[in-house]
file my_file_35.pdb (PDB, C-alpha atoms, pLDDT in the B column)
ATOM      1  CA  MET A   1      15.698 -24.191  22.302  1.00 42.00           C
ATOM      2  CA  ALA A   2      16.688 -22.974  18.804  1.00 45.00           C
ATOM      3  CA  ALA A   3      19.461 -20.871  20.345  1.00 44.00           C
ATOM      4  CA  ALA A   4      20.841 -23.955  22.118  1.00 47.00           C
ATOM      5  CA  ALA A   5      20.841 -25.919  18.848  1.00 48.00           C
ATOM      6  CA  ALA A   6      22.559 -23.031  17.062  1.00 47.00           C
ATOM      7  CA  ALA A   7      25.226 -22.821  19.780  1.00 52.00           C
ATOM      8  CA  GLU A   8      26.006 -26.524  19.282  1.00 65.00           C
ATOM      9  CA  ARG A   9      27.109 -26.057  15.663  1.00 62.00           C
ATOM     10  CA  SER A  10      30.746 -26.689  14.963  1.00 60.00           C
ATOM     11  CA  PRO A  11      32.771 -24.069  13.060  1.00 57.00           C
ATOM     12  CA  ASP A  12      32.514 -26.250   9.948  1.00 61.00           C
ATOM     13  CA  GLU A  13      28.732 -26.479  10.287  1.00 63.00           C
ATOM     14  CA  TRP A  14      28.524 -22.690  10.680  1.00 54.00           C
ATOM     15  CA  PHE A  15      30.664 -22.247   7.574  1.00 50.00           C
ATOM     16  CA  GLU A  16      28.402 -24.567   5.545  1.00 60.00           C
ATOM     17  CA  TYR A  17      25.320 -22.772   6.869  1.00 56.00           C
ATOM     18  CA  LEU A  18      26.708 -19.355   5.896  1.00 47.00           C
ATOM     19  CA  GLN A  19      27.697 -20.648   2.460  1.00 52.00           C
ATOM     20  CA  GLU A  20      24.134 -21.892   1.900  1.00 59.00           C
ATOM     21  CA  GLN A  21      22.712 -18.521   2.961  1.00 51.00           C
ATOM     22  CA  HIS A  22      25.180 -16.643   0.777  1.00 46.00           C
ATOM     23  CA  SER A  23      24.473 -18.935  -2.183  1.00 48.00           C
ATOM     24  CA  THR A  24      20.733 -18.262  -1.898  1.00 50.00           C
ATOM     25  CA  SER A  25      21.370 -14.514  -1.771  1.00 48.00           C
ATOM     26  CA  ILE A  26      23.565 -14.720  -4.866  1.00 46.00           C
ATOM     27  CA  GLU A  27      20.868 -16.699  -6.703  1.00 52.00           C
ATOM     28  CA  LEU A  28      18.247 -14.077  -5.785  1.00 51.00           C
ATOM     29  CA  LEU A  29      20.502 -11.221  -6.887  1.00 52.00           C
ATOM     30  CA  THR A  30      21.218 -13.047 -10.132  1.00 52.00           C
ATOM     31  CA  ALA A  31      17.503 -13.664 -10.675  1.00 53.00           C
ATOM     32  CA  ARG A  32      16.695 -10.007  -9.949  1.00 54.00           C
ATOM     33  CA  ASN A  33      19.386  -8.686 -12.294  1.00 54.00           C
ATOM     34  CA  THR A  34      18.820 -11.132 -15.139  1.00 52.00           C
ATOM     35  CA  VAL A  35      16.512 -10.322 -18.004  1.00 50.00           C
ATOM     36  CA  ILE A  36      13.893 -13.037 -17.778  1.00 52.00           C
ATOM     37  CA  ALA A  37      11.592 -14.097 -20.575  1.00 52.00           C
ATOM     38  CA  PRO A  38       8.010 -13.149 -19.759  1.00 64.00           C
ATOM     39  CA  VAL A  39       5.711 -15.721 -18.254  1.00 80.00           C
ATOM     40  CA  ASP A  40       3.812 -17.781 -20.777  1.00 81.00           C
ATOM     41  CA  ASP A  41       0.466 -16.529 -22.047  1.00 84.00           C
ATOM     42  CA  VAL A  42      -2.461 -18.590 -20.850  1.00 88.00           C
ATOM     43  CA  GLU A  43      -5.234 -19.931 -23.060  1.00 90.00           C
ATOM     44  CA  GLN A  44      -7.760 -19.786 -20.225  1.00 93.00           C
ATOM     45  CA  ALA A  45      -7.763 -17.417 -17.277  1.00 94.00           C
ATOM     46  CA  MET A  46      -5.583 -18.632 -14.427  1.00 95.00           C
ATOM     47  CA  GLU A  47      -5.995 -17.676 -10.765  1.00 96.00           C
ATOM     48  CA  PHE A  48      -3.374 -18.073  -8.067  1.00 96.00           C
ATOM     49  CA  LEU A  49      -2.594 -16.954  -4.542  1.00 95.00           C
ATOM     50  CA  VAL A  50       0.418 -14.836  -3.610  1.00 95.00           C
ATOM     51  CA  VAL A  51       1.441 -14.405   0.030  1.00 93.00           C
ATOM     52  CA  ILE A  52       3.866 -11.650   0.931  1.00 92.00           C
ATOM     53  CA  ARG A  53       5.020 -10.807   4.449  1.00 90.00           C
ATOM     54  CA  ARG A  54       6.726  -7.639   5.555  1.00 89.00           C
ATOM     55  CA  THR A  55       7.986  -6.546   8.932  1.00 87.00           C
ATOM     56  CA  ASN A  56       7.562  -2.777   8.619  1.00 83.00           C
ATOM     57  CA  PRO A  57       4.831  -1.329   6.361  1.00 78.00           C
ATOM     58  CA  ALA A  58       6.228   2.181   6.813  1.00 79.00           C
ATOM     59  CA  LEU A  59       9.594   1.190   5.331  1.00 83.00           C
ATOM     60  CA  GLU A  60       8.937  -1.804   3.076  1.00 87.00           C
ATOM     61  CA  LYS A  61       6.911  -1.298  -0.095  1.00 90.00           C
ATOM     62  CA  PHE A  62       5.232  -4.008  -2.139  1.00 91.00           C
ATOM     63  CA  GLY A  63       6.045  -2.241  -5.399  1.00 92.00           C
ATOM     64  CA  ILE A  64       2.800  -3.162  -7.168  1.00 94.00           C
ATOM     65  CA  VAL A  65       1.553  -0.374  -9.418  1.00 94.00           C
ATOM     66  CA  TYR A  66      -2.067  -0.891 -10.441  1.00 95.00           C
ATOM     67  CA  LYS A  67      -4.895   1.068 -12.021  1.00 95.00           C
ATOM     68  CA  VAL A  68      -8.641   0.585 -12.176  1.00 95.00           C
ATOM     69  CA  ASP A  69      -9.877  -0.451 -15.614  1.00 94.00           C
ATOM     70  CA  SER A  70     -12.918   1.791 -16.134  1.00 92.00           C
ATOM     71  CA  ALA A  71     -14.551  -0.729 -18.476  1.00 90.00           C
ATOM     72  CA  THR A  72     -14.384  -3.725 -16.122  1.00 90.00           C
ATOM     73  CA  GLN A  73     -13.646  -2.105 -12.729  1.00 92.00           C
ATOM     74  CA  SER A  74     -10.780  -4.595 -12.372  1.00 93.00           C
ATOM     75  CA  LEU A  75      -7.544  -3.635 -10.643  1.00 95.00           C
ATOM     76  CA  VAL A  76      -4.914  -4.186 -13.317  1.00 96.00           C
ATOM     77  CA  VAL A  77      -1.196  -4.480 -12.569  1.00 95.00           C
ATOM     78  CA  VAL A  78       0.592  -1.968 -14.801  1.00 94.00           C
ATOM     79  CA  ASN A  79       4.080  -2.280 -13.323  1.00 93.00           C
ATOM     80  CA  ILE A  80       6.150  -4.021 -10.664  1.00 93.00           C
ATOM     81  CA  LYS A  81       8.713  -1.713  -9.099  1.00 92.00           C
ATOM     82  CA  GLU A  82      11.522  -2.677  -6.762  1.00 89.00           C
ATOM     83  CA  GLY A  83      10.010  -3.971  -3.556  1.00 89.00           C
ATOM     84  CA  LEU A  84       8.660  -7.085  -1.899  1.00 91.00           C
ATOM     85  CA  CYS A  85       6.604  -8.222  -4.892  1.00 93.00           C
ATOM     86  CA  ASP A  86       9.706  -7.889  -7.074  1.00 90.00           C
ATOM     87  CA  LEU A  87      11.583 -10.036  -4.553  1.00 89.00           C
ATOM     88  CA  TYR A  88       8.724 -12.557  -4.599  1.00 91.00           C
ATOM     89  CA  ASN A  89       8.996 -12.646  -8.408  1.00 91.00           C
ATOM     90  CA  CYS A  90      12.761 -13.195  -8.142  1.00 87.00           C
ATOM     91  CA  GLN A  91      12.170 -16.169  -5.881  1.00 86.00           C
ATOM     92  CA  THR A  92       9.657 -17.698  -8.296  1.00 87.00           C
ATOM     93  CA  ARG A  93      12.176 -17.296 -11.156  1.00 84.00           C
ATOM     94  CA  LEU A  94      14.422 -19.797  -9.362  1.00 83.00           C
ATOM     95  CA  HIS A  95      11.938 -22.550 -10.330  1.00 83.00           C
ATOM     96  CA  PRO A  96      12.486 -24.321 -13.665  1.00 84.00           C
ATOM     97  CA  PRO A  97      11.062 -22.650 -16.793  1.00 81.00           C
ATOM     98  CA  GLY A  98       7.549 -23.861 -17.544  1.00 80.00           C
ATOM     99  CA  SER A  99       6.839 -24.935 -13.951  1.00 85.00           C
ATOM    100  CA  SER A 100       3.556 -23.810 -12.419  1.00 88.00           C
ATOM    101  CA  LEU A 101       5.428 -22.108  -9.577  1.00 88.00           C
ATOM    102  CA  ARG A 102       7.528 -20.019 -11.968  1.00 88.00           C
ATOM    103  CA  GLU A 103       4.341 -18.962 -13.774  1.00 91.00           C
ATOM    104  CA  ARG A 104       2.995 -17.452 -10.531  1.00 93.00           C
ATOM    105  CA  GLN A 105       4.994 -14.269 -10.893  1.00 93.00           C
ATOM    106  CA  VAL A 106       2.903 -11.113 -10.649  1.00 95.00           C
ATOM    107  CA  VAL A 107       3.246  -9.382 -14.014  1.00 93.00           C
ATOM    108  CA  ARG A 108       1.839  -6.501 -16.023  1.00 93.00           C
ATOM    109  CA  GLY A 109      -1.713  -7.276 -17.109  1.00 94.00           C
ATOM    110  CA  ASP A 110      -2.561  -9.465 -14.119  1.00 96.00           C
ATOM    111  CA  GLU A 111      -5.713  -8.533 -12.226  1.00 97.00           C
ATOM    112  CA  ILE A 112      -5.889  -8.200  -8.447  1.00 97.00           C
ATOM    113  CA  LEU A 113      -9.138  -9.877  -7.381  1.00 97.00           C
ATOM    114  CA  LEU A 114      -8.767  -9.910  -3.593  1.00 96.00           C
ATOM    115  CA  VAL A 115      -6.359  -8.663  -0.965  1.00 96.00           C
ATOM    116  CA  ASN A 116      -6.821 -10.183   2.494  1.00 95.00           C
ATOM    117  CA  GLY A 117     -10.364 -11.129   1.517  1.00 95.00           C
ATOM    118  CA  CYS A 118     -11.301  -7.577   0.445  1.00 96.00           C
ATOM    119  CA  ARG A 119     -12.714  -6.745  -2.988  1.00 95.00           C
ATOM    120  CA  ASP A 120     -13.398  -3.047  -2.455  1.00 95.00           C
ATOM    121  CA  HIS A 121     -10.735  -0.905  -4.131  1.00 95.00           C
ATOM    122  CA  ASP A 122     -10.291   1.399  -1.126  1.00 94.00           C
ATOM    123  CA  GLN A 123      -9.977  -1.555   1.250  1.00 96.00           C
ATOM    124  CA  ILE A 124      -7.451  -3.204  -1.067  1.00 95.00           C
ATOM    125  CA  LYS A 125      -5.374  -0.029  -1.130  1.00 93.00           C
ATOM    126  CA  ASP A 126      -5.542   0.171   2.675  1.00 93.00           C
ATOM    127  CA  CYS A 127      -4.420  -3.469   3.010  1.00 92.00           C
ATOM    128  CA  LEU A 128      -1.493  -2.883   0.674  1.00 91.00           C
ATOM    129  CA  MET A 129      -0.496   0.247   2.592  1.00 90.00           C
ATOM    130  CA  ARG A 130      -0.876  -1.026   6.156  1.00 90.00           C
ATOM    131  CA  SER A 131      -0.906  -4.826   6.439  1.00 91.00           C
ATOM    132  CA  ASN A 132       2.135  -6.877   7.356  1.00 90.00           C
ATOM    133  CA  ASP A 133       0.801 -10.088   5.821  1.00 91.00           C
ATOM    134  CA  VAL A 134      -0.869  -9.754   2.449  1.00 93.00           C
ATOM    135  CA  PHE A 135      -2.769 -12.529   0.701  1.00 95.00           C
ATOM    136  CA  LEU A 136      -3.438 -11.595  -2.920  1.00 96.00           C
ATOM    137  CA  ARG A 137      -5.750 -13.508  -5.246  1.00 97.00           C
ATOM    138  CA  ILE A 138      -4.394 -12.815  -8.739  1.00 97.00           C
ATOM    139  CA  ARG A 139      -6.055 -13.538 -12.080  1.00 97.00           C
ATOM    140  CA  ARG A 140      -4.021 -13.829 -15.281  1.00 96.00           C
ATOM    141  CA  PRO A 141      -6.340 -13.342 -18.245  1.00 95.00           C
ATOM    142  CA  PRO A 142      -5.573 -14.723 -21.695  1.00 94.00           C
ATOM    143  CA  PRO A 143      -4.257 -12.133 -24.181  1.00 90.00           C
ATOM    144  CA  HIS A 144      -7.653 -11.513 -25.815  1.00 89.00           C
ATOM    145  CA  GLU A 145      -9.170 -10.623 -22.395  1.00 89.00           C
ATOM    146  CA  ARG A 146      -6.262  -8.506 -21.155  1.00 87.00           C
ATOM    147  CA  SER A 147      -7.005  -4.897 -20.238  1.00 88.00           C
ATOM    148  CA  SER A 148      -5.596  -2.128 -22.411  1.00 85.00           C
ATOM    149  CA  LEU A 149      -4.081  -0.779 -19.175  1.00 82.00           C
ATOM    150  CA  ALA A 150      -1.528  -3.597 -19.359  1.00 77.00           C
ATOM    151  CA  ALA A 151       0.313  -1.572 -22.005  1.00 74.00           C
ATOM    152  CA  LEU A 152       0.775   1.427 -19.660  1.00 61.00           C
ATOM    153  CA  GLU A 153       3.947   2.526 -17.860  1.00 54.00           C
TER
END
call {"tool": "encode", "arguments": {"input": "my_file_35.pdb", "output": "structure tokens"}}
result
Amino acid sequence: MAAAAAAERSPDEWFEYLQEQHSTSIELLTARNTVIAPVDDVEQAMEFLVVIRRTNPALEKFGIVYKVDSATQSLVVVNIKEGLCDLYNCQTRLHPPGSSLRERQVVRGDEILLVNGCRDHDQIKDCLMRSNDVFLRIRRPPPHERSSLAALE
């Protein structure tokens, strides 16, 4: 049915559609290549959900670098490399500064609480390595609670 609707587009409609797609790609590339001010510090811990989907776990990487804080046993994000999480962050940067959606970027110092319902560190690693759909529960602590690992990398 979708193919039939797509076939019914006029050349002008196709042109507009392609312009919209190209414009979104340009915005994402601009967001990825622009130096962005860090997300605002929080006064109280903030938790949020991040959903990332990939089609091929063998080829697509999330790009989340984390370490276990030996004092708290928390998984602390120490870096975001190029990958699907970086792309997710780029998409959230398209929201206006100060908006709650823009503040849901995954950044250094955030803690990974759950991945696909798992709390165990080995299970979390397995989910990040093998799962196509990943549901992350992230906690952003206030500066005075932030792990010293946040300064790494």
call {"tool": "residues_near_point", "arguments": {"input": "my_file_35.pdb", "point": "(-7.8, -9.2, -18.3)", "cutoff": "10 Å", "atoms": "all atoms listed in the file", "output": "PDB file with C-alpha atoms, keeping the file's coordinate frame"}}
result
ATOM      1  CA  ALA A  45      -7.763 -17.417 -17.277  1.00 94.00           C
ATOM      2  CA  ASP A  69      -9.877  -0.451 -15.614  1.00 94.00           C
ATOM      3  CA  THR A  72     -14.384  -3.725 -16.122  1.00 90.00           C
ATOM      4  CA  SER A  74     -10.780  -4.595 -12.372  1.00 93.00           C
ATOM      5  CA  LEU A  75      -7.544  -3.635 -10.643  1.00 95.00           C
ATOM      6  CA  VAL A  76      -4.914  -4.186 -13.317  1.00 96.00           C
ATOM      7  CA  VAL A  77      -1.196  -4.480 -12.569  1.00 95.00           C
ATOM      8  CA  GLY A 109      -1.713  -7.276 -17.109  1.00 94.00           C
ATOM      9  CA  ASP A 110      -2.561  -9.465 -14.119  1.00 96.00           C
ATOM     10  CA  GLU A 111      -5.713  -8.533 -12.226  1.00 97.00           C
ATOM     11  CA  ARG A 139      -6.055 -13.538 -12.080  1.00 97.00           C
ATOM     12  CA  ARG A 140      -4.021 -13.829 -15.281  1.00 96.00           C
ATOM     13  CA  PRO A 141      -6.340 -13.342 -18.245  1.00 95.00           C
ATOM     14  CA  PRO A 142      -5.573 -14.723 -21.695  1.00 94.00           C
ATOM     15  CA  PRO A 143      -4.257 -12.133 -24.181  1.00 90.00           C
ATOM     16  CA  HIS A 144      -7.653 -11.513 -25.815  1.00 89.00           C
ATOM     17  CA  GLU A 145      -9.170 -10.623 -22.395  1.00 89.00           C
ATOM     18  CA  ARG A 146      -6.262  -8.506 -21.155  1.00 87.00           C
ATOM     19  CA  SER A 147      -7.005  -4.897 -20.238  1.00 88.00           C
ATOM     20  CA  SER A 148      -5.596  -2.128 -22.411  1.00 85.00           C
ATOM     21  CA  LEU A 149      -4.081  -0.779 -19.175  1.00 82.00           C
ATOM     22  CA  ALA A 150      -1.528  -3.597 -19.359  1.00 77.00           C
TER      23      ALA A 150
END
call {"tool": "atom_distance", "arguments": {"input": "my_file_35.pdb", "atom1": "CA of Val39 (chain A)", "atom2": "CA of Leu128 (chain A)"}}
result
24.0 Å
call {"tool": "atom_distance", "arguments": {"input": "my_file_35.pdb", "atom1": "CA of Lys81 (chain A)", "atom2": "CA of Arg53 (chain A)"}}
result
16.7 Å
call {"tool": "closest_residue", "arguments": {"input": "my_file_35.pdb", "among": "A:Leu114, A:Asp122, A:Tyr88, A:Tyr66", "to": "Arg102 (chain A)", "atoms": "all atoms listed in the file"}}
result
A:Tyr88
call {"tool": "axis_aligned_box", "arguments": {"input": "my_file_35.pdb", "around": "region 116-121 of chain A", "padding_each_side": "5 Å", "output": "AutoDock Vina command-line options"}}
result
--center_x -10.1 --center_y -6.0 --center_z -0.8 --size_x 16.6 --size_y 20.2 --size_z 16.6
call {"tool": "residues_near_point", "arguments": {"input": "my_file_35.pdb", "point": "(-5.2, -17.2, 0.5)", "cutoff": "10 Å", "atoms": "all atoms listed in the file", "output": "list in words"}}
result
Phe48, Leu49, Val50, Val51, Leu114, Val115, Asn116, Gly117, Val134, Phe135, Leu136 and Arg137 of chain A
